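Step one of this worksheet: look at the structure below.
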Amino acid sequence: MLDLDLLSHFPRVRLMQGPTPIQRLSRLTQVLGGPQKGVSIWVKRDDLMELGDGGNKLRKLEFLLGQAMAEGCDSVIVTGGVQSNFARLAAAACARTGLACELVLAQMVPRDSEIYQGNGNVLLGRLFGANLHVLTEGDDAGSFAHHRASEIAASGGKAFVATLGGSTPVGALGYVDCAFEIAAQSIEMGIAFQQIVIPNGSGGMHAGLVAGATVAGKDPSRIRAYTVLSPADICVAATVDKVNAVFELLGKEDRVQAEDLTISGTQLGRGYGMPTSNMVEAVRIVGRSEGLLLDPVYGGKAFAGLLSDIENEVIAPGSNVLFVMTGGSPGLYAYADALSN
């Protein structure tokens with residue numbers, strides 16, 4: 001039986017209004033026709049959140065900001081890439097809660113165009129009132145962030161440092177909660193999802209979903225991820241560690257090994273944040289068939305993997321598949337050159 005009070009012991013700042021909806025992509029099915037192999041694609045709309053233009057990082061930030069406030073912090077320092085969705089949403093969440101926010105943005109992607117460096121998430125981070133530190137190539141974001149925390153402490157404040165993607169065990173609790181949410185919605189809808197498809201960047205979302213699914217008595221291997229940050233073997237090892245750290249935080253004796261996770265490296269391309277032709281095609285087909293926006297760094301690559309695996313019958317014909325739309329549409333504007341060709 002699911003312990004619905006499992007997460008109530010952790011400090012939390014509510015940034016969402018109830019469960020995000022699950023919708024079927026009926027029009028996409030019509031457009032794909034034969035290649036669909038009878039697979040029904042559903043989407044979990046984690047892009048539909050009212051704060052900061054939405055996205056999955058808000059689930060993590062509920063627990064991270066809860067931790068920050070419980071520790072008596074009055075500011076938050078966030079590290080990420082230049083077009084970090086986590087940084088943008090942290091800025092919005094801090095604006096909502098009254099915490100000061102500083103974004104330490106590293107050059108993680110070799111794209112130096114003006115549109116990439118100043119548009120999309122960067123623009124929104126500034127509009128949400130965050131103080132931005134855009135580093136040069138080779139600078140260490142973690143060292144910079146901790147140095148800033150020391151400076152803030154010397155001035156009488158206290159800063160909470162939120163690392164890349166918020167993918168700490170505490171941050172991953174947001175997706176433990178999401179796993180419970182999906183389980184409840186599945187029962188309410190009367191639909192069993194044979195696959196839950198996600199991108200895996202820093203691994204916190206995948207770790208939380210696996211831990212939550214396990215606690216809920218579901219098979220964690222049905223959560224199918226496509227790595228967008230690191231090669232598959234590195235991603236698997238890092239995610240295993242994160243899942244087990246979440247179990248430990250929850251006080252659970254469950255543990256996973258590499259063979260319990262399903263992570264594909266087929267859509268990584270030349271690396272994190274680097275466009276692929278498959279990603280561009282996936283973004284276009286979802287936009288033109290459903291009027292929905294996939295982001296170019298995470299969701300676009302994961303959806304490209306989903307379409308490929310349906311076509312090649314890696315995903316069994318006739319399956320119900322739930323794709324988690326993680327948001328990040330502001331990043332599309334930073335990739336206008338790649339998406340307009």
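Chain lettering (A, B, ...) mirrors the order of the structure tokens, residue numbering begins at 1 for each chain separately, and ligand numbering begins at 1 in order of display.
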Contact residues around range 101-105 of chain A with only C-alpha atoms at 7 Å, ignoring same-chain residues under 6 positions, as a PDB file with N, CA, C and O atoms, in the first residue's frame:
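The result, stored in around.pdb:
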ATOM      1  N   SER A  75      18.867  33.759   0.668  1.00  0.00           N
ATOM      2  CA  SER A  75      19.162  33.859  -0.760  1.00  0.00           C
ATOM      3  C   SER A  75      19.501  32.482  -1.302  1.00  0.00           C
ATOM      4  O   SER A  75      19.850  31.564  -0.547  1.00  0.00           O
ATOM      5  N   VAL A  76      19.381  32.356  -2.611  1.00  0.00           N
ATOM      6  CA  VAL A  76      19.656  31.097  -3.297  1.00  0.00           C
ATOM      7  C   VAL A  76      20.629  31.374  -4.441  1.00  0.00           C
ATOM      8  O   VAL A  76      20.431  32.317  -5.218  1.00  0.00           O
ATOM      9  N   ILE A  77      21.664  30.570  -4.524  1.00  0.00           N
ATOM     10  CA  ILE A  77      22.621  30.654  -5.619  1.00  0.00           C
ATOM     11  C   ILE A  77      22.482  29.387  -6.440  1.00  0.00           C
ATOM     12  O   ILE A  77      22.594  28.274  -5.911  1.00  0.00           O
ATOM     13  N   VAL A  78      22.229  29.546  -7.724  1.00  0.00           N
ATOM     14  CA  VAL A  78      21.955  28.413  -8.609  1.00  0.00           C
ATOM     15  C   VAL A  78      23.057  28.308  -9.656  1.00  0.00           C
ATOM     16  O   VAL A  78      23.461  29.308 -10.246  1.00  0.00           O
ATOM     17  N   THR A  79      23.540  27.085  -9.888  1.00  0.00           N
ATOM     18  CA  THR A  79      24.494  26.859 -10.972  1.00  0.00           C
ATOM     19  C   THR A  79      23.807  26.112 -12.111  1.00  0.00           C
ATOM     20  O   THR A  79      22.919  25.294 -11.898  1.00  0.00           O
ATOM     21  N   GLY A  80      24.238  26.403 -13.329  1.00  0.00           N
ATOM     22  CA  GLY A  80      23.682  25.725 -14.498  1.00  0.00           C
ATOM     23  C   GLY A  80      24.343  26.234 -15.757  1.00  0.00           C
ATOM     24  O   GLY A  80      25.240  27.076 -15.715  1.00  0.00           O
ATOM     25  N   GLY A  81      23.903  25.722 -16.893  1.00  0.00           N
ATOM     26  CA  GLY A  81      24.378  26.224 -18.162  1.00  0.00           C
ATOM     27  C   GLY A  81      23.709  27.545 -18.504  1.00  0.00           C
ATOM     28  O   GLY A  81      22.771  27.983 -17.832  1.00  0.00           O
ATOM     29  N   VAL A  82      24.191  28.185 -19.556  1.00  0.00           N
ATOM     30  CA  VAL A  82      23.667  29.488 -19.944  1.00  0.00           C
ATOM     31  C   VAL A  82      22.154  29.439 -20.137  1.00  0.00           C
ATOM     32  O   VAL A  82      21.424  30.315 -19.674  1.00  0.00           O
ATOM     33  N   ALA A  87      17.724  27.221 -13.707  1.00  0.00           N
ATOM     34  CA  ALA A  87      18.068  28.575 -13.265  1.00  0.00           C
ATOM     35  C   ALA A  87      16.888  29.522 -13.461  1.00  0.00           C
ATOM     36  O   ALA A  87      16.536  30.315 -12.577  1.00  0.00           O
ATOM     37  N   ALA A  91      14.811  31.359 -10.391  1.00  0.00           N
ATOM     38  CA  ALA A  91      14.625  32.804 -10.307  1.00  0.00           C
ATOM     39  C   ALA A  91      13.150  33.147 -10.094  1.00  0.00           C
ATOM     40  O   ALA A  91      12.811  34.004  -9.270  1.00  0.00           O
ATOM     41  N   CYS A  94      12.084  32.094  -6.532  1.00  0.00           N
ATOM     42  CA  CYS A  94      12.608  33.018  -5.530  1.00  0.00           C
ATOM     43  C   CYS A  94      11.826  34.325  -5.543  1.00  0.00           C
ATOM     44  O   CYS A  94      11.559  34.921  -4.495  1.00  0.00           O
ATOM     45  N   ALA A 130      16.661  38.014 -10.964  1.00  0.00           N
ATOM     46  CA  ALA A 130      17.878  37.358 -10.482  1.00  0.00           C
ATOM     47  C   ALA A 130      19.110  38.166 -10.878  1.00  0.00           C
ATOM     48  O   ALA A 130      19.124  38.879 -11.891  1.00  0.00           O
ATOM     49  N   ASN A 131      20.148  38.041 -10.090  1.00  0.00           N
ATOM     50  CA  ASN A 131      21.454  38.620 -10.404  1.00  0.00           C
ATOM     51  C   ASN A 131      22.247  37.557 -11.160  1.00  0.00           C
ATOM     52  O   ASN A 131      22.536  36.488 -10.616  1.00  0.00           O
ATOM     53  N   LEU A 132      22.579  37.823 -12.417  1.00  0.00           N
ATOM     54  CA  LEU A 132      23.229  36.817 -13.268  1.00  0.00           C
ATOM     55  C   LEU A 132      24.738  37.001 -13.300  1.00  0.00           C
ATOM     56  O   LEU A 132      25.235  38.129 -13.418  1.00  0.00           O
ATOM     57  N   HIS A 133      25.436  35.879 -13.194  1.00  0.00           N
ATOM     58  CA  HIS A 133      26.887  35.824 -13.392  1.00  0.00           C
ATOM     59  C   HIS A 133      27.123  34.874 -14.562  1.00  0.00           C
ATOM     60  O   HIS A 133      27.061  33.651 -14.392  1.00  0.00           O
ATOM     61  N   VAL A 134      27.341  35.401 -15.743  1.00  0.00           N
ATOM     62  CA  VAL A 134      27.589  34.569 -16.917  1.00  0.00           C
ATOM     63  C   VAL A 134      29.092  34.376 -17.043  1.00  0.00           C
ATOM     64  O   VAL A 134      29.838  35.313 -17.336  1.00  0.00           O
ATOM     65  N   LEU A 135      29.545  33.150 -16.782  1.00  0.00           N
ATOM     66  CA  LEU A 135      30.971  32.854 -16.731  1.00  0.00           C
ATOM     67  C   LEU A 135      31.558  32.688 -18.127  1.00  0.00           C
ATOM     68  O   LEU A 135      30.829  32.518 -19.107  1.00  0.00           O
ATOM     69  N   ALA A 141      31.840  26.813 -12.196  1.00  0.00           N
ATOM     70  CA  ALA A 141      30.616  27.384 -11.629  1.00  0.00           C
ATOM     71  C   ALA A 141      30.464  27.048 -10.149  1.00  0.00           C
ATOM     72  O   ALA A 141      30.024  27.884  -9.352  1.00  0.00           O
ATOM     73  N   ALA A 145      30.144  29.740  -7.174  1.00  0.00           N
ATOM     74  CA  ALA A 145      28.949  29.792  -6.342  1.00  0.00           C
ATOM     75  C   ALA A 145      29.298  29.745  -4.859  1.00  0.00           C
ATOM     76  O   ALA A 145      28.738  30.496  -4.049  1.00  0.00           O
TER      77      ALA A 145
END
Write down as a VMD selection string the residues belonging to range 123-299 of chain A that are assigned strand (DSSP E or B) by DSSP computed on the backbone. chain A and resid 131 to 134 159 to 162 195 to 200 223 to 227 262 to 264
Written selection (N, CA, C and O atoms) as a CSV table (one decimal), in the first residue's frame:
chain,number,residue,atom,x,y,z
A,131,ASN,N,20.1,38.0,-10.1
A,131,ASN,CA,21.5,38.6,-10.4
A,131,ASN,C,22.2,37.6,-11.2
A,131,ASN,O,22.5,36.5,-10.6
A,132,LEU,N,22.6,37.8,-12.4
A,132,LEU,CA,23.2,36.8,-13.3
A,132,LEU,C,24.7,37.0,-13.3
A,132,LEU,O,25.2,38.1,-13.4
A,133,HIS,N,25.4,35.9,-13.2
A,133,HIS,CA,26.9,35.8,-13.4
A,133,HIS,C,27.1,34.9,-14.6
A,133,HIS,O,27.1,33.7,-14.4
A,134,VAL,N,27.3,35.4,-15.7
A,134,VAL,CA,27.6,34.6,-16.9
A,134,VAL,C,29.1,34.4,-17.0
A,134,VAL,O,29.8,35.3,-17.3
A,159,ALA,N,23.3,32.0,2.2
A,159,ALA,CA,22.9,31.6,0.9
A,159,ALA,C,22.8,30.0,0.8
A,159,ALA,O,23.6,29.3,1.4
A,160,PHE,N,21.8,29.6,0.1
A,160,PHE,CA,21.7,28.1,-0.2
A,160,PHE,C,22.2,27.9,-1.6
A,160,PHE,O,21.7,28.6,-2.6
A,161,VAL,N,23.1,27.0,-1.8
A,161,VAL,CA,23.7,26.7,-3.1
A,161,VAL,C,23.0,25.5,-3.7
A,161,VAL,O,23.0,24.4,-3.2
A,162,ALA,N,22.3,25.8,-4.8
A,162,ALA,CA,21.6,24.7,-5.6
A,162,ALA,C,22.4,24.3,-6.8
A,162,ALA,O,22.6,25.1,-7.7
A,195,GLN,N,5.1,2.0,-20.7
A,195,GLN,CA,6.4,2.7,-20.7
A,195,GLN,C,6.1,4.2,-20.3
A,195,GLN,O,5.1,4.8,-20.6
A,196,ILE,N,7.0,4.7,-19.5
A,196,ILE,CA,7.1,6.1,-19.1
A,196,ILE,C,8.4,6.7,-19.7
A,196,ILE,O,9.4,6.2,-19.3
A,197,VAL,N,8.3,7.6,-20.6
A,197,VAL,CA,9.5,8.1,-21.3
A,197,VAL,C,9.9,9.5,-20.9
A,197,VAL,O,9.0,10.4,-20.8
A,198,ILE,N,11.2,9.6,-20.7
A,198,ILE,CA,11.7,10.9,-20.2
A,198,ILE,C,13.1,11.2,-20.7
A,198,ILE,O,13.8,10.2,-21.2
A,199,PRO,N,13.5,12.4,-20.7
A,199,PRO,CA,14.9,12.7,-20.9
A,199,PRO,C,15.7,12.5,-19.6
A,199,PRO,O,15.1,12.7,-18.5
A,200,ASN,N,17.0,12.3,-19.7
A,200,ASN,CA,17.8,12.2,-18.5
A,200,ASN,C,19.0,13.1,-18.7
A,200,ASN,O,19.8,12.9,-19.5
A,223,ILE,N,10.4,2.8,-16.9
A,223,ILE,CA,10.7,4.2,-17.1
A,223,ILE,C,11.9,4.2,-18.0
A,223,ILE,O,13.0,3.8,-17.7
A,224,ARG,N,11.6,4.7,-19.2
A,224,ARG,CA,12.6,4.6,-20.3
A,224,ARG,C,13.2,6.0,-20.5
A,224,ARG,O,12.4,7.0,-20.9
A,225,ALA,N,14.5,6.2,-20.4
A,225,ALA,CA,15.1,7.5,-20.4
A,225,ALA,C,16.1,7.5,-21.6
A,225,ALA,O,16.7,6.5,-22.0
A,226,TYR,N,16.3,8.7,-22.1
A,226,TYR,CA,17.2,9.0,-23.2
A,226,TYR,C,18.2,10.1,-22.6
A,226,TYR,O,17.8,11.2,-22.3
A,227,THR,N,19.5,9.7,-22.5
A,227,THR,CA,20.4,10.6,-22.0
A,227,THR,C,20.7,11.8,-22.9
A,227,THR,O,20.9,11.6,-24.1
A,262,THR,N,16.6,1.6,-17.5
A,262,THR,CA,16.5,1.6,-19.0
A,262,THR,C,16.9,3.0,-19.5
A,262,THR,O,16.1,4.0,-19.4
A,263,ILE,N,18.2,3.1,-20.0
A,263,ILE,CA,18.7,4.4,-20.5
A,263,ILE,C,19.3,4.2,-21.8
A,263,ILE,O,20.2,3.4,-22.0
A,264,SER,N,18.9,5.0,-22.8
A,264,SER,CA,19.4,4.9,-24.1
A,264,SER,C,20.3,6.1,-24.4
A,264,SER,O,20.0,7.2,-24.1
Point out the residue among A:Gly52, A:Phe86, A:Ser26, A:Gly118 with the least atom-to-atom distance to Gly38 in chain A, counting only C-alpha atoms. A:Ser26
Name the closest residue to Cys178 in chain A among the candidates A:Val31, A:Arg45, A:Gly327, A:Ala90; distances are taken between atoms, counting only C-alpha atoms. A:Arg45
Please report, as JSON lines, each residue of range 20-106 of chain A lying at most 6 Å from range 120-128 of chain A, together with the nearest pair of atoms and the separation in Å rounded to one decimal; use only C-alpha atoms, and order rows by chain and ascending residue number.
{"residue": "A:Gln83", "atom": "CA", "partner": "A:Asn121", "partner_atom": "CA", "distance": 5.3}
{"residue": "A:Arg88", "atom": "CA", "partner": "A:Gly125", "partner_atom": "CA", "distance": 4.8}
{"residue": "A:Ala91", "atom": "CA", "partner": "A:Phe128", "partner_atom": "CA", "distance": 5.7}
{"residue": "A:Ala92", "atom": "CA", "partner": "A:Phe128", "partner_atom": "CA", "distance": 5.5}
For the atom pair CA of Gly204 in chain A and CA of Ala149 in chain A, what is the interatomic distance in Å to one decimal place? 23.5 Å
Select from range 217-332 of chain A everything DSSP, run on the backbone, classes as alpha helix (DSSP H), then give the selection as a VMD selection string. chain A and resid 232 to 250 277 to 290 299 to 311 331 to 332
Non-local contacts of range 306-308 of chain A (12 Å; only C-alpha atoms; under 6 positions in same chain excluded) as number ranges by chain: A: 28-29, 32, 35-37, 39-42, 195-199, 223-226, 263-264, 266-267, 278-279, 281-283, 285-286, 299-300, 314-316, 321-324
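Within the 10 Å cut-off around Thr214 in chain A, using only C-alpha atoms and omitting residues fewer than 3 positions from it on the same chain, the listed residues are Val176, Ala179, Gly208, Leu209, Val210, Ala211, Gly217, Lys218, Asp219, Pro220, Ser221, Phe247, Asp254, Arg255 and Val256 of chain A.
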Could you make a table, as JSON lines, of the residues of range 206-323 of chain A that have an atom within 8 Å of an atom of range 330-334 of chain A, each with its nearest atom pair and distance in Å to one decimal, counting only C-alpha atoms, in chain and number order?
{"residue": "A:Asp295", "atom": "CA", "partner": "A:Leu332", "partner_atom": "CA", "distance": 6.0}
{"residue": "A:Pro296", "atom": "CA", "partner": "A:Leu332", "partner_atom": "CA", "distance": 6.2}
{"residue": "A:Val297", "atom": "CA", "partner": "A:Gly331", "partner_atom": "CA", "distance": 7.8}
Kindly export the residues of the current selection with N, CA and C atoms, as a PDB file, in the first residue's frame.
ATOM      1  N   ASP A 295      11.075  21.180 -25.943  1.00  0.00           N
ATOM      2  CA  ASP A 295      12.291  21.992 -25.901  1.00  0.00           C
ATOM      3  C   ASP A 295      13.410  21.289 -26.679  1.00  0.00           C
ATOM      4  N   PRO A 296      14.435  22.026 -27.137  1.00  0.00           N
ATOM      5  CA  PRO A 296      15.458  21.440 -28.002  1.00  0.00           C
ATOM      6  C   PRO A 296      16.547  20.658 -27.277  1.00  0.00           C
ATOM      7  N   VAL A 297      16.661  20.798 -25.972  1.00  0.00           N
ATOM      8  CA  VAL A 297      17.766  20.175 -25.233  1.00  0.00           C
ATOM      9  C   VAL A 297      17.348  18.851 -24.598  1.00  0.00           C
TER      10      VAL A 297
END
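Here CA of Gly318 in chain A stands at a distance of 14.3 Å from CA of Arg24 in chain A.
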Given only C-alpha atoms as the counted atoms, nearest of A:Thr168, A:Thr326, A:Gln107, A:Thr20 to Gln67 in chain A: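 Among the listed residues, A:Thr168 lies closest to Gln67 in chain A.
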Which of these residues is nearest to Val246 in chain A, using only C-alpha atoms: A:Leu7, A:Ala100, A:Leu339, A:Ala192? A:Leu7
Skip Arg111 in chain A itself and residues of its chain fewer than 3 positions away, then list as a compact mmCIF listing (two decimals) with N, CA and C atoms, in the first residue's frame all residues within 10 Å of it, counting only C-alpha atoms.
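Saved as around-v4.txt:
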# COMPACT_ATOMS: atom_id res chain seq x y z
N VAL A 82 24.19 28.19 -19.56
CA VAL A 82 23.67 29.49 -19.94
C VAL A 82 22.15 29.44 -20.14
N GLN A 107 29.47 28.04 -19.38
CA GLN A 107 29.45 27.79 -20.82
C GLN A 107 29.54 26.28 -21.06
N MET A 108 28.41 25.61 -20.95
CA MET A 108 28.36 24.16 -21.10
C MET A 108 28.14 23.71 -22.54
N GLU A 114 24.74 35.63 -30.20
CA GLU A 114 24.07 36.60 -29.33
C GLU A 114 22.71 36.08 -28.88
N ILE A 115 21.99 35.41 -29.78
CA ILE A 115 20.66 34.92 -29.45
C ILE A 115 20.73 33.83 -28.38
N TYR A 116 21.78 33.01 -28.41
CA TYR A 116 21.92 31.95 -27.40
C TYR A 116 22.34 32.54 -26.06
N GLN A 117 23.24 33.48 -26.09
CA GLN A 117 23.79 34.02 -24.85
C GLN A 117 22.86 35.00 -24.15
N GLY A 273 23.07 19.86 -25.30
CA GLY A 273 22.68 21.12 -25.90
C GLY A 273 22.99 21.26 -27.37
N MET A 274 23.55 20.22 -27.99
CA MET A 274 23.90 20.28 -29.40
C MET A 274 22.75 19.72 -30.23
N ALA A 334 16.38 30.44 -28.06
CA ALA A 334 17.83 30.48 -28.11
C ALA A 334 18.39 29.57 -29.21
N TYR A 335 17.53 28.73 -29.77
CA TYR A 335 17.95 27.80 -30.82
C TYR A 335 17.23 28.12 -32.15
From the options A:Asp5, A:Asp112, A:Glu151, A:Asp46, which residue's atoms come nearest to Met325 in chain A, counting only C-alpha atoms? A:Asp46
Name all residues at most 12 Å from Val13 in chain A (count only C-alpha atoms; drop same-chain ones fewer than 6 positions away) and give them as a compact mmCIF listing (two decimals) with N, CA, C and O atoms, in the first residue's frame.
# COMPACT_ATOMS: atom_id res chain seq x y z
N LEU A 58 10.28 22.82 -11.27
CA LEU A 58 9.50 23.34 -10.15
C LEU A 58 9.22 22.26 -9.12
O LEU A 58 9.12 22.53 -7.92
N ARG A 59 9.09 21.01 -9.56
CA ARG A 59 8.87 19.91 -8.61
C ARG A 59 10.07 19.79 -7.67
O ARG A 59 9.91 19.57 -6.46
N LYS A 60 11.27 19.89 -8.24
CA LYS A 60 12.48 19.84 -7.41
C LYS A 60 12.57 21.05 -6.48
O LYS A 60 12.92 20.94 -5.31
N LEU A 61 12.24 22.22 -7.03
CA LEU A 61 12.40 23.45 -6.27
C LEU A 61 11.46 23.52 -5.08
O LEU A 61 11.77 24.20 -4.09
N GLU A 62 10.32 22.84 -5.13
CA GLU A 62 9.44 22.83 -3.96
C GLU A 62 10.19 22.30 -2.73
O GLU A 62 10.06 22.85 -1.62
N PHE A 63 10.97 21.26 -2.92
CA PHE A 63 11.69 20.66 -1.80
C PHE A 63 13.02 21.37 -1.53
O PHE A 63 13.44 21.48 -0.37
N LEU A 64 13.67 21.85 -2.58
CA LEU A 64 14.95 22.55 -2.39
C LEU A 64 14.74 23.87 -1.67
O LEU A 64 15.51 24.22 -0.76
N LEU A 65 13.73 24.64 -2.06
CA LEU A 65 13.47 25.89 -1.36
C LEU A 65 12.94 25.62 0.05
O LEU A 65 13.19 26.40 0.97
N GLY A 66 12.22 24.52 0.21
CA GLY A 66 11.82 24.12 1.55
C GLY A 66 13.04 23.88 2.43
O GLY A 66 13.09 24.33 3.59
N GLN A 67 14.02 23.19 1.87
CA GLN A 67 15.27 22.95 2.60
C GLN A 67 15.98 24.26 2.90
O GLN A 67 16.47 24.47 4.03
N ALA A 68 16.04 25.15 1.91
CA ALA A 68 16.73 26.43 2.09
C ALA A 68 16.09 27.24 3.22
O ALA A 68 16.79 27.79 4.08
N MET A 69 14.78 27.31 3.23
CA MET A 69 14.09 28.09 4.25
C MET A 69 14.23 27.45 5.63
O MET A 69 14.37 28.14 6.63
N ALA A 70 14.19 26.11 5.65
CA ALA A 70 14.36 25.41 6.93
C ALA A 70 15.75 25.65 7.51
O ALA A 70 15.92 25.64 8.74
N ALA A 93 10.80 31.15 -8.81
CA ALA A 93 10.37 30.66 -7.50
C ALA A 93 10.87 31.57 -6.38
O ALA A 93 10.17 31.82 -5.39
N CYS A 94 12.08 32.09 -6.53
CA CYS A 94 12.61 33.02 -5.53
C CYS A 94 11.83 34.32 -5.54
O CYS A 94 11.56 34.92 -4.49
N ARG A 96 8.71 34.60 -6.25
CA ARG A 96 7.43 34.28 -5.61
C ARG A 96 7.58 34.22 -4.08
O ARG A 96 6.67 34.63 -3.35
N THR A 97 8.69 33.68 -3.60
CA THR A 97 8.86 33.44 -2.16
C THR A 97 9.61 34.55 -1.44
O THR A 97 9.72 34.51 -0.21
N GLY A 98 10.15 35.52 -2.19
CA GLY A 98 10.85 36.63 -1.55
C GLY A 98 12.31 36.38 -1.24
O GLY A 98 12.95 37.18 -0.55
N GLY A 174 10.79 15.65 -5.54
CA GLY A 174 9.73 16.18 -6.37
C GLY A 174 9.21 15.17 -7.37
O GLY A 174 8.02 15.16 -7.72
Kindly indicate which residue among A:Ser319, A:Leu229, A:Lys158, A:Gly54 lies nearest to Ala302 in chain A, using only C-alpha atoms for the distances.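 Ranked by minimum distance to Ala302 in chain A, first place goes to A:Leu229.
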